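*Asks:* Structure below; questions to follow.
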Amino acid sequence: METLAGERPRARAEMPPPVPPPTPRRSPARALLVAMRPGEWVKNLLVFAGLVFSRQFDEIDPLAAALLTFVAFCAVSSAGYLLNDLRDVEHDRRHHEKRRRPIAAGELSPRMAAMAGIALAVGAVALGFAVSPEVAAIVAGYGVATAAYSLVLKRLVIVDVMTIAGLFILRVVAGAVAVGVSASEWLLICTGMLALFLGFTKRRQEAMQEAEQPPEGSSASRPGPSGPGYTRPVLEHYSLPFLDQMIAMVTAAAIISYAVYAVDSPFVGSEMLATAPPVLYGIFRYLYLIYDRGDTRSTDEILTRDPGMIAAAVVWVGTALFLLYVF
C-alpha cells in the first residue's frame, strides 16, 4: 500500500512490552514474619478441640492452658517452616511461586532465620512447661517430627502425608492434655483422616502445578506429573490416578469416622449429628474447589478466604457450641 505521495508508509515501530514494577523488598522484620507463615497457624486451632468438647470453654484455667498451648504450637510450627525454607532454599529459587519466599528471595539471611528458628523452638517448649511437663514433651515431639519431615520424611512417598496427619493428631492430643481430658479415639481417627484428605489434595494441587509450570530454567517437557526436575522431589512418585484414589478413600473414611464420633458424643449423644451437614458441605466444597475450579491456593488460604469454607466453619462452630453449652 502506498500513500498519495507515492511513498510507502514507514513500518510502525513496535512498542516494547511494559515492564512490571519491581516488587519492593521487605524489611528483615517483615520478611521474618512472612517466613514464619502466620497464615498456617489456623491449623493449630485443633488445640482447642479438647477444650470445646469437654465443655470447659467457659472456664478460665482450662482456657488459659489451651491458649498457651496454642501459642506454643504456633511458635514450634513457625520454627519448622524456617527450617524447611533453609533446607529447600535452592529448590524454592527454581519454583515460580516459592522463589518469593523471604529466604529464597534474599530478604532474610539464613543466619537470622536459623537463630529465629532456634529461639522459637526453645520458647515453644518453655510455654509447654508453663502448662505441664506432658504438654512440653508433646510440643518437643512435634518439633522433632517437623524437623524429621523437613530433612527426610517429606521425600518419602506416602510417609510424607502420613507424617502430616500425625502432626495434626499431636495438636489434638496436646490440647486435650492441657485441659486434663483424654481425646476420644474416634476424634483422633477423624482428625487423622481429615489431615490425610488435606495432605493428598495438596499433593494433587502441586502435581498439577508442576505439570503445567516447569521449574524456571528447566527445558524438560513434562506433560504429566512424573517427569524430572520437580521442586518437590516426592512428586515424581505420585501419579494423578493414585492421588485420586487416595483422596476418595480418605474422604469416605473421614466422613464415616466423624459420623461415628458424633453419634458417640459423651455429653449430647447422637444430637451431635446436627453438626454433620456443615462438615459434609466443607469437604464437598473443598473437593469442588480442587477438582472443578482448579484452585491452587494453599490449604490455609482456602480455609480462611473461601466464602463457602468460612460459612461451613461458622455454622459448625455455632451448632457445636449450641449443643454443648445451651441445648
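Each chain in the C-alpha cells gets a letter, A, B, ..., in the order shown, and its residues are numbered from 1; ligands are numbered from 1 in order too.
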Residues near Ile247 of chain A, anyone? I mean within 8 Å using only C-alpha atoms, not counting same-chain ones fewer than 4 positions away, as a list in words.

*Replies:* Phe197, Phe200, Thr201, Leu243 and Thr251 of chain A

*Asks:* Write out as an NGL selection string the residues lying within 12 Å of Trp316 of chain A, counting only C-alpha atoms and excluding same-chain residues fewer than 3 positions away.

*Replies:* :A and (272-282 or 309-313 or 319-323)

*Asks:* Do you know which residues are at most 8 Å from Leu167 of chain A counting only C-alpha atoms, after dropping those on the same chain fewer than 6 positions away, and could you put them as a ChimeraX atom specification?

*Replies:* /A:142,145-146

*Asks:* I need the residues from that last selection saved to file as a PDB file, in the first residue's frame (with C-alpha atoms), if you can.

*Replies:*
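So the final result, stored in part_20.pdb, reads:
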```pdb
ATOM      1  CA  TYR A 142       6.100 -32.153  67.440  1.00  0.00           C
ATOM      2  CA  ALA A 145       8.774 -34.740  63.959  1.00  0.00           C
ATOM      3  CA  THR A 146       8.635 -31.483  61.990  1.00  0.00           C
TER       4      THR A 146
END
```

*Asks:* Atom CA of Ala254 of chain A to atom CA of Ile283 of chain A: how many Å, to one decimal?

*Replies:* 9.2 Å

*Asks:* To one decimal in Å, tell me the separation between atom CA of Tyr286 of chain A and atom CA of Val42 of chain A.

*Replies:*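 According to the coordinates, atom CA of Tyr286 of chain A and atom CA of Val42 of chain A are separated by 16.2 Å.
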
*Asks:* Which residues are near segment 175-185 of chain A? Cut-off 7 Å, only C-alpha atoms, ignore same chain within fewer than 2 positions. Put them as a VMD selection string.

*Replies:* chain A and resid 47 to 51 62 65 to 66 69 131 135 171 to 173 187 to 189

*Asks:* Take atom CA of Ala79 of chain A and atom CA of Gly117 of chain A and report the distance between them in Å, one decimal.

*Replies:* 4.2 Å

*Asks:* May I have the residues within 12 Å of Gly39 of chain A as an MDAnalysis selection string, using only C-alpha atoms and disregarding those fewer than 2 positions away in the same chain?

*Replies:* chainID A and resid 33:37 41:45 74 77:78 81 298:305

*Asks:* For Met193 of chain A, which residue out of A:Leu120, A:Ala262, A:Leu67, A:Met249 is the nearest one, using only C-alpha atoms?

*Replies:*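 Smallest distance to Met193 of chain A is found for A:Met249.
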